[in-house]
$ cat start.txt   # compact mmCIF, C-alpha atoms
# COMPACT_ATOMS: atom_id res chain seq x y z
CA MET A 76 89.35 116.87 82.43
CA LYS A 77 92.62 118.72 81.86
CA THR A 78 95.66 117.01 83.40
CA GLN A 79 97.23 119.24 86.01
CA ARG A 80 100.84 120.20 85.35
CA VAL A 81 103.33 120.42 88.21
CA LEU A 82 106.85 121.88 88.12
CA ILE A 83 109.08 120.41 90.82
CA VAL A 84 111.91 122.78 91.77
CA THR A 85 114.73 121.07 93.66
CA GLY A 86 118.38 121.50 94.50
CA ILE A 87 119.38 117.85 94.14
CA PHE A 88 118.33 114.85 92.07
CA PRO A 89 119.82 111.41 91.22
CA PRO A 90 122.48 110.36 90.32
CA ASP A 91 123.44 112.60 93.27
CA ILE A 92 123.05 110.59 96.47
CA GLY A 93 121.00 111.56 99.52
CA GLY A 94 117.54 111.56 101.03
CA PRO A 95 116.39 114.78 99.28
CA ALA A 96 117.53 113.44 95.90
CA SER A 97 115.73 110.14 96.42
CA TYR A 98 112.60 111.95 97.59
CA ALA A 99 112.55 114.17 94.49
CA LYS A 100 112.77 111.16 92.17
CA THR A 101 110.24 109.08 94.11
CA VAL A 102 107.72 111.91 94.27
CA GLY A 103 108.23 112.74 90.60
CA GLN A 104 107.62 109.14 89.56
CA LYS A 105 104.46 108.81 91.63
CA LEU A 106 103.02 112.21 90.69
CA SER A 107 103.60 111.46 87.00
CA GLU A 108 100.83 108.85 87.29
CA ASN A 109 98.32 111.64 87.94
CA PHE A 110 99.96 114.84 86.71
CA ARG A 111 102.24 116.06 83.95
CA ILE A 112 105.54 116.55 85.77
CA SER A 113 108.64 118.58 85.00
CA VAL A 114 111.66 118.74 87.30
CA ILE A 115 114.41 121.35 87.39
CA THR A 116 117.47 120.70 89.51
CA TYR A 117 121.05 121.63 90.19
CA SER A 118 123.14 118.65 89.16
CA SER A 119 126.65 117.20 89.45
CA VAL A 120 126.28 115.92 85.87
CA ARG A 121 125.20 117.73 82.71
CA LYS A 122 123.10 114.78 81.56
CA SER A 123 122.05 111.42 83.01
CA VAL A 124 121.18 108.40 80.89
CA GLU A 125 118.71 107.37 83.61
CA ASP A 126 116.51 110.36 82.76
CA LYS A 127 115.35 108.50 79.64
CA ASN A 128 113.69 105.89 81.86
CA LEU A 129 111.58 108.45 83.72
CA ASN A 130 108.00 109.40 82.88
CA PHE A 131 108.78 113.10 83.25
CA LYS A 132 111.21 115.69 81.98
CA VAL A 133 114.31 116.58 84.04
CA VAL A 134 116.06 119.89 83.33
CA ARG A 135 119.57 120.00 84.81
CA VAL A 136 121.71 123.02 85.73
CA TRP A 137 125.34 121.98 86.05
CA ARG A 138 126.51 122.64 89.61
CA LYS A 139 130.14 123.18 88.56
CA ASN A 140 129.35 126.25 86.48
CA PHE A 141 130.53 129.64 87.76
CA TRP A 142 128.18 130.48 90.65
CA LEU A 143 126.57 133.57 89.09
CA PHE A 144 125.98 131.85 85.76
CA ARG A 145 124.70 128.76 87.57
CA HIS A 146 122.11 130.65 89.60
CA LEU A 147 121.03 132.87 86.70
CA SER A 148 120.61 129.81 84.47
CA TYR A 149 118.52 128.13 87.16
CA PHE A 150 116.38 131.25 87.61
CA PHE A 151 115.61 131.73 83.93
CA LYS A 152 114.88 128.05 83.37
CA VAL A 153 112.42 128.05 86.27
CA MET A 154 110.79 131.17 84.86
CA SER A 155 110.50 129.61 81.39
CA LEU A 156 108.91 126.45 82.76
CA ALA A 157 106.62 127.94 85.42
CA GLY A 158 104.31 129.59 82.89
CA LYS A 159 103.61 126.20 81.30
CA ASN A 160 102.56 124.59 84.61
CA ASP A 161 99.67 124.94 87.04
CA VAL A 162 101.61 124.38 90.27
CA VAL A 163 105.19 125.15 91.30
CA PHE A 164 106.31 122.74 94.02
CA SER A 165 109.65 123.62 95.63
CA LEU A 166 111.69 121.04 97.52
CA SER A 167 114.41 123.63 98.16
CA THR A 168 114.05 126.21 100.94
CA ILE A 169 116.11 129.14 99.68
CA ASN A 170 117.38 128.89 96.08
CA GLY A 171 114.44 126.90 94.78
CA GLY A 172 112.05 128.61 97.18
CA ILE A 173 112.89 132.16 96.12
CA THR A 174 112.98 131.36 92.40
CA GLY A 175 109.88 129.19 92.57
CA LEU A 176 107.91 131.80 94.50
CA ILE A 177 108.86 134.62 92.09
CA ALA A 178 107.94 132.50 89.06
CA ALA A 179 104.64 131.33 90.56
CA LYS A 180 103.57 134.84 91.55
CA PHE A 181 104.61 136.29 88.17
CA PHE A 182 102.54 133.75 86.24
CA LYS A 183 99.79 133.62 88.90
CA LYS A 184 100.30 129.93 89.62
CA LYS A 185 99.92 128.04 92.89
CA PHE A 186 103.12 127.76 94.92
CA PHE A 187 103.74 124.91 97.35
CA ILE A 188 106.95 124.34 99.29
CA ARG A 189 108.22 121.43 101.35
CA ILE A 190 110.12 122.42 104.50
CA VAL A 191 112.12 119.77 106.36
CA GLY A 192 114.11 122.01 108.70
CA ASP A 193 115.55 125.44 109.43
CA TYR A 194 118.02 126.28 106.66
CA ALA A 195 119.20 129.43 108.47
CA TRP A 196 120.04 127.47 111.62
CA GLN A 197 121.91 124.77 109.70
CA THR A 198 123.93 127.44 107.89
CA ALA A 199 124.71 129.20 111.17
CA VAL A 200 125.94 125.97 112.79
CA LEU A 201 128.10 124.95 109.84
CA LYS A 202 129.60 128.45 109.59
CA GLY A 203 130.37 128.45 113.32
CA ARG A 204 128.02 131.37 113.99
CA THR A 205 125.92 129.67 116.65
CA ASP A 206 126.25 126.89 119.21
CA LEU A 207 122.53 126.89 119.92
CA LEU A 208 120.29 123.93 119.17
CA ILE A 209 117.46 124.60 116.77
CA ASP A 210 114.70 125.35 119.30
CA ASP A 211 116.81 127.90 121.19
CA PHE A 212 117.92 129.45 117.90
CA GLN A 213 114.38 130.39 116.87
CA ASN A 214 114.05 133.32 119.28
CA SER A 215 117.72 134.23 119.49
CA LYS A 216 119.26 137.42 118.09
CA LYS A 217 120.54 136.93 114.55
CA ASN A 218 122.94 138.99 112.48
CA GLY A 219 124.22 139.34 108.94
CA ARG A 220 123.63 136.55 106.44
CA VAL A 221 121.98 134.29 109.02
CA LYS A 222 119.41 136.97 109.82
CA MET A 223 118.71 137.44 106.11
CA LEU A 224 118.30 133.69 105.52
CA PHE A 225 115.93 133.35 108.47
CA TRP A 226 113.85 136.27 107.19
CA LEU A 227 113.81 134.88 103.64
CA GLN A 228 112.69 131.36 104.59
CA SER A 229 109.96 132.83 106.79
CA LEU A 230 108.79 135.13 103.98
CA ILE A 231 108.75 132.33 101.39
CA CYS A 232 106.63 130.14 103.67
CA ARG A 233 104.22 132.96 104.50
CA LYS A 234 103.71 133.71 100.80
CA ALA A 235 103.23 130.07 99.80
CA ASP A 236 99.76 128.67 99.14
CA MET A 237 100.68 125.57 101.14
CA VAL A 238 103.67 124.44 103.21
CA ILE A 239 104.22 120.69 103.38
CA VAL A 240 106.19 119.43 106.40
CA PRO A 241 107.24 115.89 107.47
CA SER A 242 106.23 116.07 111.14
CA GLU A 243 104.11 117.89 113.72
CA TYR A 244 107.37 119.18 115.17
CA ILE A 245 108.31 120.97 111.92
CA SER A 246 104.73 122.24 111.69
CA ARG A 247 105.13 124.00 115.04
CA LEU A 248 108.52 125.33 113.93
CA VAL A 249 107.05 126.86 110.76
CA GLN A 250 104.11 128.28 112.68
CA GLY A 251 106.72 130.14 114.74
CA TRP A 252 107.80 131.87 111.51
CA GLY A 253 104.37 133.45 111.22
CA VAL A 254 102.72 130.88 108.96
CA PRO A 255 99.08 130.11 109.84
CA LYS A 256 98.47 126.51 110.90
CA GLU A 257 95.78 126.08 108.23
CA LYS A 258 98.40 126.68 105.51
CA ILE A 259 100.59 123.83 106.79
CA GLN A 260 100.06 120.19 105.83
CA VAL A 261 101.83 117.42 107.74
CA ILE A 262 102.81 114.53 105.46
CA TYR A 263 105.01 112.04 107.24
CA ASN A 264 108.02 110.67 105.39
CA GLY A 265 108.01 107.06 104.27
CA ALA A 266 111.08 104.90 103.83
CA SER A 267 111.48 103.31 100.40
CA PHE A 268 114.14 100.97 101.75
CA LYS A 269 114.72 97.34 100.86
CA PRO A 270 116.51 95.39 103.62
CA SER A 271 119.28 92.98 102.71
CA GLU A 272 118.48 89.28 102.63
CA LEU A 273 121.94 88.39 103.97
CA SER A 274 122.27 86.83 107.41
CA LYS A 275 124.15 88.78 110.08
CA GLU A 276 127.26 86.66 109.66
CA GLU A 277 127.14 86.86 105.86
CA ALA A 278 126.75 90.64 106.04
CA ARG A 279 129.71 90.97 108.44
CA LYS A 280 131.89 88.95 106.13
CA LYS A 281 130.85 91.10 103.18
CA ILE A 282 131.72 94.40 104.90
CA GLY A 283 134.87 92.91 106.43
CA ILE A 284 134.11 93.89 110.04
CA ALA A 285 133.86 91.23 112.73
CA GLY A 286 132.27 91.74 116.15
CA ASN A 287 129.00 93.19 117.44
CA ILE A 288 128.29 96.24 115.35
CA ILE A 289 126.80 99.48 116.67
CA LEU A 290 125.76 101.42 113.57
CA SER A 291 125.11 105.13 113.12
CA TYR A 292 124.76 107.03 109.90
CA GLY A 293 123.82 110.36 108.39
CA ARG A 294 125.51 113.52 107.23
CA LEU A 295 128.63 114.19 109.31
CA VAL A 296 127.52 117.51 110.84
CA PRO A 297 127.91 118.77 114.43
CA TRP A 298 124.31 118.25 115.55
CA LYS A 299 124.33 114.54 114.61
CA GLY A 300 126.38 113.79 117.74
CA PHE A 301 128.95 111.43 116.22
CA ARG A 302 131.69 112.88 118.43
CA MET A 303 129.90 111.66 121.53
CA LEU A 304 129.52 108.15 120.12
CA ILE A 305 133.28 107.96 119.59
CA LYS A 306 133.90 109.46 123.04
CA ILE A 307 131.83 106.79 124.83
CA MET A 308 133.29 103.88 122.86
CA PRO A 309 135.87 102.96 125.56
CA LYS A 310 133.00 102.67 128.09
CA LEU A 311 130.97 100.57 125.66
CA LEU A 312 133.98 98.28 125.19
CA GLU A 313 133.90 97.63 128.96
CA ILE A 314 130.37 96.30 128.48
CA ASN A 315 131.33 94.18 125.48
CA GLN A 316 134.91 94.02 124.20
CA PHE A 317 133.60 92.92 120.79
CA PHE A 318 131.57 96.08 120.13
CA ARG A 319 132.56 97.89 116.93
CA LEU A 320 131.23 101.35 116.10
CA VAL A 321 130.54 101.88 112.39
CA ILE A 322 129.68 105.39 111.15
CA VAL A 323 128.37 105.77 107.60
CA GLY A 324 128.30 109.16 105.91
CA GLU A 325 130.31 112.14 104.82
CA GLY A 326 130.31 115.83 105.70
CA PRO A 327 132.24 118.69 107.31
CA GLU A 328 132.90 116.76 110.54
CA SER A 329 134.77 113.97 108.75
CA LYS A 330 138.35 115.08 109.54
CA ILE A 331 137.49 115.91 113.15
CA LEU A 332 136.04 112.44 113.68
CA GLN A 333 139.05 110.82 112.04
CA ARG A 334 141.38 112.70 114.39
CA MET A 335 139.32 111.64 117.40
CA VAL A 336 139.55 107.98 116.41
CA LYS A 337 143.31 108.22 115.92
CA ASN A 338 143.98 110.23 119.11
CA MET A 339 141.93 107.78 121.19
CA GLY A 340 143.65 104.74 119.65
CA LEU A 341 140.36 103.34 118.37
CA GLU A 342 141.41 102.55 114.80
CA LYS A 343 140.41 98.89 115.16
CA LYS A 344 137.25 99.66 117.14
CA VAL A 345 135.66 102.55 115.22
CA TYR A 346 135.18 102.55 111.44
CA LEU A 347 134.39 105.70 109.44
CA ILE A 348 133.45 104.33 106.05
CA GLY A 349 132.12 107.37 104.18
CA LYS A 350 129.01 107.59 102.04
CA GLN A 351 127.41 104.35 100.87
CA SER A 352 124.63 103.52 98.42
CA LYS A 353 121.26 102.29 99.71
CA GLU A 354 122.19 98.77 98.67
CA GLN A 355 125.49 98.94 100.59
CA LEU A 356 123.77 100.52 103.58
CA ALA A 357 121.32 97.62 103.68
CA VAL A 358 124.28 95.26 104.13
CA TYR A 359 125.67 97.34 107.01
CA LEU A 360 122.24 97.32 108.69
CA ALA A 361 122.01 93.55 108.22
CA ALA A 362 125.37 93.23 109.99
CA SER A 363 124.35 95.43 112.94
CA ASP A 364 123.17 94.63 116.47
CA ILE A 365 122.14 98.15 117.55
CA PHE A 366 121.41 101.39 115.71
CA ILE A 367 122.14 104.66 117.55
CA LEU A 368 121.14 108.11 116.31
CA ASN A 369 122.51 110.63 118.83
CA THR A 370 121.09 113.71 117.13
CA GLY A 371 120.41 117.20 118.45
CA TYR A 372 117.89 117.87 115.70
CA GLU A 373 115.73 115.73 113.47
CA GLY A 374 112.73 116.90 111.45
CA PHE A 375 111.67 113.35 110.69
CA SER A 376 114.25 110.58 110.44
CA HIS A 377 114.54 108.27 107.43
CA GLU A 378 117.41 106.58 109.26
CA ILE A 379 115.21 105.42 112.14
CA LEU A 380 112.60 103.97 109.78
CA GLU A 381 115.29 102.20 107.74
CA ALA A 382 116.80 100.64 110.86
CA MET A 383 113.34 99.46 111.92
CA LEU A 384 112.65 97.94 108.50
CA ALA A 385 116.01 96.15 108.70
CA GLY A 386 115.16 94.70 112.12
CA VAL A 387 117.78 96.60 114.14
CA PRO A 388 116.92 97.85 117.68
CA VAL A 389 116.95 101.66 117.89
CA VAL A 390 118.40 104.04 120.48
CA THR A 391 117.91 107.72 119.65
CA THR A 392 117.22 111.13 121.16
CA CYS A 393 113.99 112.75 122.32
CA VAL A 394 114.25 115.67 119.89
CA GLY A 395 112.22 116.92 116.93
CA GLY A 396 110.19 114.35 115.05
CA ASN A 397 111.83 111.38 116.81
CA LYS A 398 109.15 111.51 119.50
CA GLU A 399 106.52 110.96 116.78
CA ILE A 400 108.17 107.67 115.78
CA ILE A 401 109.60 106.18 118.99
CA HIS A 402 107.35 105.07 121.86
CA GLN A 403 109.65 104.76 124.85
CA GLY A 404 110.46 101.18 125.73
CA GLU A 405 108.10 99.76 123.10
CA ASN A 406 109.84 100.19 119.76
CA GLY A 407 113.05 101.87 120.90
CA PHE A 408 114.74 103.99 123.54
CA LEU A 409 114.75 107.79 123.73
CA VAL A 410 117.54 109.59 125.61
CA LYS A 411 118.68 113.20 125.85
CA TYR A 412 121.03 114.50 123.17
CA ASN A 413 124.71 113.96 124.02
CA ASP A 414 123.73 112.44 127.38
CA GLU A 415 126.83 110.30 127.93
CA PHE A 416 125.51 108.29 130.88
CA ASN A 417 122.10 107.45 129.40
CA LEU A 418 123.48 106.65 125.94
CA ILE A 419 125.74 104.07 127.59
CA GLU A 420 122.96 102.72 129.83
CA ALA A 421 120.44 102.46 126.98
CA THR A 422 122.96 100.61 124.81
CA LYS A 423 123.87 98.32 127.71
CA THR A 424 120.21 97.54 128.45
CA VAL A 425 119.39 96.71 124.83
CA TRP A 426 122.51 94.55 124.48
CA GLN A 427 121.95 92.60 127.69
CA THR A 428 118.18 92.09 127.33
CA PRO A 429 117.28 89.72 124.45
CA GLU A 430 113.53 90.02 125.08
CA LEU A 431 113.81 93.81 124.76
CA GLN A 432 115.70 93.44 121.49
CA LYS A 433 112.94 91.20 120.18
CA ARG A 434 110.23 93.67 121.23
CA PHE A 435 112.02 96.62 119.62
CA ILE A 436 112.53 94.67 116.39
CA GLU A 437 108.95 93.40 116.11
CA ASN A 438 107.29 96.68 117.10
CA GLY A 439 109.76 98.66 115.01
CA LYS A 440 108.77 96.80 111.86
CA GLU A 441 105.09 97.55 112.55
CA THR A 442 105.91 101.22 113.12
CA ALA A 443 107.80 101.44 109.83
CA LYS A 444 104.82 99.96 107.98
CA TYR A 445 102.62 102.77 109.29
CA PHE A 446 105.01 105.41 107.89
CA SER A 447 104.85 104.01 104.37
CA VAL A 448 105.94 105.62 101.12
CA GLU A 449 102.51 104.85 99.67
CA LYS A 450 100.76 106.91 102.36
CA MET A 451 103.23 109.77 101.88
CA LEU A 452 102.75 109.85 98.11
CA ASP A 453 98.96 109.46 98.18
CA LYS A 454 98.61 112.35 100.61
CA THR A 455 100.98 114.50 98.53
CA ILE A 456 98.85 113.87 95.44
CA ARG A 457 95.69 114.92 97.29
CA VAL A 458 97.31 118.13 98.51
CA LEU A 459 98.64 119.11 95.07
CA ALA A 460 95.32 118.31 93.40
CA ASN A 461 93.39 120.83 95.54

$ encode --input "start.txt" --output "structure tokens"
Amino acid sequence: MKTQRVLIVTGIFPPDIGGPASYAKTVGQKLSENFRISVITYSSVRKSVEDKNLNFKVVRVWRKNFWLFRHLSYFFKVMSLAGKNDVVFSLSTINGGITGLIAAKFFKKKFFIRIVGDYAWQTAVLKGRTDLLIDDFQNSKKNGRVKMLFWLQSLICRKADMVIVPSEYISRLVQGWGVPKEKIQVIYNGASFKPSELSKEEARKKIGIAGNIILSYGRLVPWKGFRMLIKIMPKLLEINQFFRLVIVGEGPESKILQRMVKNMGLEKKVYLIGKQSKEQLAVYLAASDIFILNTGYEGFSHEILEAMLAGVPVVTTCVGGNKEIIHQGENGFLVKYNDEFNLIEATKTVWQTPELQKRFIENGKETAKYFSVEKMLDKTIRVLAN
């Protein structure tokens, strides 16, 4: 039997850091066991020595090139590779999605795309063109570039042979773009995360932060709700004067959060430590007492699964795919986004109730096992093989 050939089209790949980069590498490695894989990606480096250790070819387009040359180079490389493959699998909504779709249709190949959120909405929020949360944005009036992006992502998904999504929530979102349910395949994310073996005290010494750590992490964007966590910190300190809020990540909200910490006089209570590697993040989780993800949108959260694997009790919001992971009061707490009172009360309850902490930790670890990387990869293989 002929080995099926798959071209993975992505916007990010290691050594660049982030969930999408890790996913692209993990999926490429696993698929290479069954298929002949090629990957094309935008890249912060021209070459990576690590590519030699992979079982598939990685074609890199240098991200620092002049934008027109960069995008044209990416387009023509996708076109040159697509004809040699049986399936084009895009992990990028717009750039990779448009180019991948054009190449697949031109060479009459199957085109699959993985959608993890609404790119148009994220762009609108970051550009200050909407204050709406993602669900309200779907049926709102759109203008200019945002309108074009929303139309493009909807068109790409409608023209795809299959749309892979990480949660039932994203499935419903994509159906709202006019994509038939039978063309959408839900494949839950799995967390390929190795917890630290350090004790809590050892981990605290290593990161240089004493006290009871409340950890939150992710890209520093408006909908992640980090501002509210800083805002409620004085109230949390009334509950326990030794609480320390640690926020891991980088993004456009970084300077705003730094100003908040300084203006509120919380420099020794709140720590903004920037982006960390998975190994470093494991140490921060090992040092933590509570993990809070106060997010206004989440397709399906790697962060929640990682906290569960690390044995940290979870408080998060009842939005998006979170409700498919958290069972209220059993493996975590769900509260409304930016709900100051209930964020404080949930944190207080977890902190003051040891038996609840134990339940959340034990049940959380079982939950994380269900959402395994192996299940995610096996299901992806079956979908691509059809």

$ closest_residue --input "start.txt" --among "A:Ile401, A:Lys433, A:Ser123, A:Val394" --to "A:Asp91" --atoms "all atoms listed in the file"
A:Ser123

$ residues_around --input "start.txt" --residues "A:Gln355" --least-positions-apart "3" --cutoff "12 Å" --atoms "all atoms listed in the file" --output "short mmCIF file (atom, residue, chain, number, x, y, z; two decimals) with C-alpha atoms, keeping the file's coordinate frame"
data_model
loop_
_atom_site.label_atom_id
_atom_site.label_comp_id
_atom_site.auth_asym_id
_atom_site.auth_seq_id
_atom_site.Cartn_x
_atom_site.Cartn_y
_atom_site.Cartn_z
CA PHE A 268 114.14 100.97 101.75
CA LYS A 269 114.72 97.34 100.86
CA PRO A 270 116.51 95.39 103.62
CA SER A 271 119.28 92.98 102.71
CA LEU A 273 121.94 88.39 103.97
CA ALA A 278 126.75 90.64 106.04
CA ARG A 279 129.71 90.97 108.44
CA LYS A 281 130.85 91.10 103.18
CA ILE A 282 131.72 94.40 104.90
CA VAL A 323 128.37 105.77 107.60
CA GLY A 324 128.30 109.16 105.91
CA ILE A 348 133.45 104.33 106.05
CA GLY A 349 132.12 107.37 104.18
CA LYS A 350 129.01 107.59 102.04
CA GLN A 351 127.41 104.35 100.87
CA SER A 352 124.63 103.52 98.42
CA VAL A 358 124.28 95.26 104.13
CA TYR A 359 125.67 97.34 107.01
CA LEU A 360 122.24 97.32 108.69
CA ALA A 361 122.01 93.55 108.22
CA ALA A 362 125.37 93.23 109.99
#

$ atom_distance --input "start.txt" --atom1 "atom CA of A:Ala157" --atom2 "atom CA of A:Gly192"
25.2 Å

$ axis_aligned_box --input "start.txt" --around "stretch 292-304 of chain A" --padding-each-side "3 Å" --output "JSON"
{"center_x": 127.8, "center_y": 112.9, "center_z": 114.4, "size_x": 13.9, "size_y": 17.7, "size_z": 20.3}

$ residues_around --input "start.txt" --residues "stretch 79-85 of chain A" --least-positions-apart "4" --cutoff "9 Å" --atoms "only C-alpha atoms" --output "ChimeraX atom specification"
/A:95-96,99,103,106,109-117,153,156-157,159-168,170-172,174-175,459-460

$ closest_residue --input "start.txt" --among "A:Val249, A:Val221, A:Val240, A:Ala266" --to "A:Ser447" --atoms "all atoms listed in the file"
A:Ala266

$ atom_distance --input "start.txt" --atom1 "atom CA of A:Lys299" --atom2 "atom CA of A:Ile331"
13.3 Å

$ residues_around --input "start.txt" --residues "A:Ser267" --least-positions-apart "4" --cutoff "9 Å" --atoms "all atoms listed in the file" --output "list in words"
Ser97, Thr101, Glu381, Ser447 and Val448 of chain A

$ write_last_selection --input "start.txt" --atoms "C-alpha atoms" --output "CSV table (one decimal), in the frame of the given file"
chain,number,residue,atom,x,y,z
A,97,SER,CA,115.7,110.1,96.4
A,101,THR,CA,110.2,109.1,94.1
A,381,GLU,CA,115.3,102.2,107.7
A,447,SER,CA,104.8,104.0,104.4
A,448,VAL,CA,105.9,105.6,101.1

$ residues_around --input "start.txt" --residues "stretch 414-431 of chain A" --least-positions-apart "5" --cutoff "8 Å" --atoms "only C-alpha atoms" --output "list in words"
Met303, Ile307, Lys310, Leu311, Ile314, Ile365, Pro388, Val390 and Phe408 of chain A

$ residues_around --input "start.txt" --residues "stretch 434-442 of chain A" --least-positions-apart "4" --cutoff "7 Å" --atoms "only C-alpha atoms" --output "list of chain:residue names"
A:Met383, A:Leu384, A:Gly386, A:Val387, A:Pro388, A:Glu405, A:Asn406, A:Gly407, A:Glu430, A:Phe446

$ atom_distance --input "start.txt" --atom1 "atom CA of A:Phe88" --atom2 "atom CA of A:Val191"
16.3 Å

$ closest_residue --input "start.txt" --among "A:Pro309, A:Pro255, A:Gly265, A:Gly293" --to "A:Val336" --atoms "only C-alpha atoms"
A:Pro309

$ closest_residue --input "start.txt" --among "A:Ile289, A:Ser118, A:Leu304, A:Glu399" --to "A:Arg135" --atoms "only C-alpha atoms"
A:Ser118

$ closest_residue --input "start.txt" --among "A:Ser363, A:Asn338, A:Asn413, A:Ser148" --to "A:Arg319" --atoms "only C-alpha atoms"
A:Ser363

$ closest_residue --input "start.txt" --among "A:Ile284, A:Ile209, A:Ala357, A:Leu143" --to "A:Tyr372" --atoms "all atoms listed in the file"
A:Ile209
